[in-house]
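Q: Pasting a structure here, questions to come.
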Amino acid sequence: MNSGVELYKPFQPTLTSSGLKSFGLSIQQVQPSRALRGVVHSYLQVNTTKPTPYPVIPDGTQAFFISPIGVKVGIMNKRAFDLQLLEGGVYFGVQFKPGALRCFFDVDLSEFSEQIVNSKQFVFSHFEDLCAAIYRTNHFYERASICENWLLKKYTSKLSVKFNHALSLIYKSCGTNKISALANDVGCTSRHLSRLFQLYTGLSPKSFMQTIRLQHACKQLHLLRTSSSSMALELGYYDQSHLLKDFKKHFSCSPNRFFNRFGSDFYNSIQT
């Protein structure tokens, strides 16, 4: 049976073909080796010819954003934000699967929740060495290999069995679980489950599940280009107005305006 972290495929509209075209970006992306496939989602490199925003929506993952001047670490966000690419050039990154940053760094992520933090806050991490090594070459696959080897040396622990089980159940339900039932299925108390999610993700179980539910909604709306009251129910919302409310809370706009930003031909049947 696949583990929880292997079941989930995060969705970022910026990285769709229409999103890349809309923001004038190009991308290269590669999966990690088998040894890290359960914790690292991918290595990626974004190229832009001019200063541009790089919109990021909540997806439950954690990331390194590596530029020639240093490394930023993205923990967890409940709201969409723009990562500003301040000048044209090449930007390298690593996307970790939910909770996986703890497999490399012994940090309590609840201290960094919803932040893009300077890597210097991760004591004894030697990010400076990684950044220098990556930008000594211009070749993407060499950069990915350098990063892979650096991470392998720091891969010291696996995800908690209970946390991983909870992830699996959340992904299967697309984030519609009840916390008490989830804790019971995992075999722990609701309080212990909350501590695990704060430690590994910086979010409460409820906030994490809202993120996964929104991810599922975004994927389906992107694929189908439409919505209806019945579809809102299928996505785990009470009704269409509840879906709209969640969109505005986390993305600060309606679905129409949200998808239009990414050059999507998403049309009409969602109210604004």
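Each chain of the structure tokens is named A, B, ... in the order shown, its residues numbered from 1; ligands are numbered from 1 in display order.
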Taking only segment 68-117 of chain A into account, list the residues labelled strand (DSSP E) by DSSP (computed from the backbone), as a PyMOL selection string.
A: chain A and resi 70-74+81-85+89-96+116-117
Q: Those residues with N, CA, C and O atoms, as an mmCIF file, in the first residue's frame please?
A:
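Output file result15.cif is given in full below:
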```cif
data_model
loop_
_atom_site.group_PDB
_atom_site.id
_atom_site.type_symbol
_atom_site.label_atom_id
_atom_site.label_comp_id
_atom_site.auth_asym_id
_atom_site.auth_seq_id
_atom_site.Cartn_x
_atom_site.Cartn_y
_atom_site.Cartn_z
ATOM 1 N N GLY A 70 20.953 33.605 -1.949
ATOM 2 C CA GLY A 70 20.655 32.867 -0.729
ATOM 3 C C GLY A 70 19.464 31.942 -0.848
ATOM 4 O O GLY A 70 18.890 31.767 -1.932
ATOM 5 N N VAL A 71 19.072 31.371 0.304
ATOM 6 C CA VAL A 71 18.001 30.375 0.352
ATOM 7 C C VAL A 71 16.909 30.862 1.291
ATOM 8 O O VAL A 71 17.170 31.316 2.393
ATOM 9 N N LYS A 72 15.657 30.774 0.818
ATOM 10 C CA LYS A 72 14.496 31.015 1.660
ATOM 11 C C LYS A 72 13.775 29.685 1.842
ATOM 12 O O LYS A 72 13.744 28.849 0.926
ATOM 13 N N VAL A 73 13.191 29.499 3.018
ATOM 14 C CA VAL A 73 12.468 28.266 3.310
ATOM 15 C C VAL A 73 10.999 28.595 3.511
ATOM 16 O O VAL A 73 10.647 29.407 4.365
ATOM 17 N N GLY A 74 10.145 27.999 2.680
ATOM 18 C CA GLY A 74 8.706 28.187 2.796
ATOM 19 C C GLY A 74 8.122 27.071 3.640
ATOM 20 O O GLY A 74 8.314 25.890 3.330
ATOM 21 N N PHE A 81 -0.089 33.739 -1.954
ATOM 22 C CA PHE A 81 0.818 34.877 -1.907
ATOM 23 C C PHE A 81 1.657 34.905 -3.183
ATOM 24 O O PHE A 81 1.726 33.915 -3.916
ATOM 25 N N ASP A 82 2.277 36.045 -3.447
ATOM 26 C CA ASP A 82 3.174 36.179 -4.587
ATOM 27 C C ASP A 82 4.617 36.172 -4.104
ATOM 28 O O ASP A 82 4.999 36.986 -3.258
ATOM 29 N N LEU A 83 5.395 35.232 -4.610
ATOM 30 C CA LEU A 83 6.828 35.229 -4.385
ATOM 31 C C LEU A 83 7.435 36.098 -5.483
ATOM 32 O O LEU A 83 7.337 35.764 -6.661
ATOM 33 N N GLN A 84 8.010 37.225 -5.112
ATOM 34 C CA GLN A 84 8.482 38.180 -6.108
ATOM 35 C C GLN A 84 9.853 37.773 -6.649
ATOM 36 O O GLN A 84 10.822 37.663 -5.892
ATOM 37 N N LEU A 85 9.904 37.531 -7.962
ATOM 38 C CA LEU A 85 11.180 37.311 -8.639
ATOM 39 C C LEU A 85 11.659 38.688 -9.082
ATOM 40 O O LEU A 85 11.118 39.278 -10.015
ATOM 41 N N GLY A 89 16.098 35.932 -14.714
ATOM 42 C CA GLY A 89 17.146 34.966 -14.413
ATOM 43 C C GLY A 89 16.583 33.598 -14.114
ATOM 44 O O GLY A 89 15.423 33.302 -14.406
ATOM 45 N N VAL A 90 17.406 32.763 -13.501
ATOM 46 C CA VAL A 90 17.064 31.378 -13.215
ATOM 47 C C VAL A 90 16.968 31.192 -11.705
ATOM 48 O O VAL A 90 17.854 31.606 -10.959
ATOM 49 N N TYR A 91 15.874 30.564 -11.266
ATOM 50 C CA TYR A 91 15.636 30.337 -9.847
ATOM 51 C C TYR A 91 15.407 28.850 -9.623
ATOM 52 O O TYR A 91 14.564 28.233 -10.281
ATOM 53 N N PHE A 92 16.152 28.282 -8.681
ATOM 54 C CA PHE A 92 16.095 26.849 -8.396
ATOM 55 C C PHE A 92 15.292 26.621 -7.120
ATOM 56 O O PHE A 92 15.262 27.474 -6.228
ATOM 57 N N GLY A 93 14.627 25.479 -7.035
ATOM 58 C CA GLY A 93 13.853 25.193 -5.836
ATOM 59 C C GLY A 93 13.691 23.707 -5.581
ATOM 60 O O GLY A 93 13.937 22.863 -6.458
ATOM 61 N N VAL A 94 13.295 23.402 -4.355
ATOM 62 C CA VAL A 94 12.975 22.029 -3.951
ATOM 63 C C VAL A 94 11.613 22.056 -3.288
ATOM 64 O O VAL A 94 11.374 22.867 -2.393
ATOM 65 N N GLN A 95 10.721 21.188 -3.732
ATOM 66 C CA GLN A 95 9.406 21.079 -3.111
ATOM 67 C C GLN A 95 9.343 19.775 -2.328
ATOM 68 O O GLN A 95 9.532 18.690 -2.879
ATOM 69 N N PHE A 96 9.102 19.909 -1.010
ATOM 70 C CA PHE A 96 8.996 18.750 -0.137
ATOM 71 C C PHE A 96 7.540 18.349 0.027
ATOM 72 O O PHE A 96 6.642 19.190 -0.012
ATOM 73 N N ILE A 116 7.828 32.703 5.052
ATOM 74 C CA ILE A 116 8.991 32.433 4.216
ATOM 75 C C ILE A 116 10.168 32.912 5.038
ATOM 76 O O ILE A 116 10.322 34.110 5.283
ATOM 77 N N VAL A 117 10.996 31.992 5.528
ATOM 78 C CA VAL A 117 12.037 32.366 6.487
ATOM 79 C C VAL A 117 13.419 32.266 5.858
ATOM 80 O O VAL A 117 13.659 31.485 4.933
#
```
Q: Hey, could you make a per-residue contact list for segment 48-153 of chain A against segment 158-169 of chain A with 9 Å as the cut-off, showing the nearest pair of atoms and its distance in Å to one decimal, counting only C-alpha atoms, sorted by chain and number, as a tab-separated table?
A:
```
residue	atom	partner	partner_atom	distance
A:Pro98	CA	A:Leu167	CA	8.4
A:Gly99	CA	A:Leu159	CA	7.5
A:Ala100	CA	A:Leu159	CA	6.9
A:Arg102	CA	A:Leu159	CA	7.7
A:Cys103	CA	A:Lys158	CA	5.6
A:Phe104	CA	A:Lys158	CA	9.0
```
Q: Taking only C-alpha atoms into account, name the residue in A:Ala144, A:Ser157, A:Thr61, A:Leu109 that is nearest to Arg195 of chain A.
A: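 Closest to Arg195 of chain A of all the choices is A:Leu109.
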Q: Please compute the atom CA of Leu20 of chain A-atom CA of Leu86 of chain A distance, one decimal, in Å.
A: 17.0 Å
Q: I'd like to know which of A:Ser207, A:Ser241, A:Thr137, A:Ser173 is closest to Tyr8 of chain A, using only C-alpha atoms.
A: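 With only C-alpha atoms as the atom set, the closest residue is A:Ser173.
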Q: Go through segment 195-237 of chain A and flag each residue having an atom no more than 12 Å from segment 249-263 of chain A; for those, report the closest pair of atoms plus their distance in Å to one decimal, using only C-alpha atoms, ordered by chain and rising number, as CSV.
A:
```
residue,atom,partner,partner_atom,distance
A:Ser207,CA,A:His250,CA,11.1
A:Gln210,CA,A:His250,CA,9.8
A:Thr211,CA,A:His250,CA,9.0
A:Arg213,CA,A:His250,CA,11.8
A:Leu214,CA,A:His250,CA,8.8
A:Gln215,CA,A:His250,CA,11.1
A:Ala217,CA,A:Pro255,CA,10.2
A:Cys218,CA,A:Pro255,CA,8.7
A:Lys219,CA,A:Phe259,CA,11.1
A:Gln220,CA,A:Pro255,CA,11.8
A:Leu221,CA,A:Pro255,CA,8.5
A:His222,CA,A:Phe259,CA,7.7
A:Leu223,CA,A:Phe259,CA,11.3
A:Arg225,CA,A:Phe259,CA,9.2
A:Thr226,CA,A:Asn256,CA,9.5
A:Ser227,CA,A:Pro255,CA,9.5
```
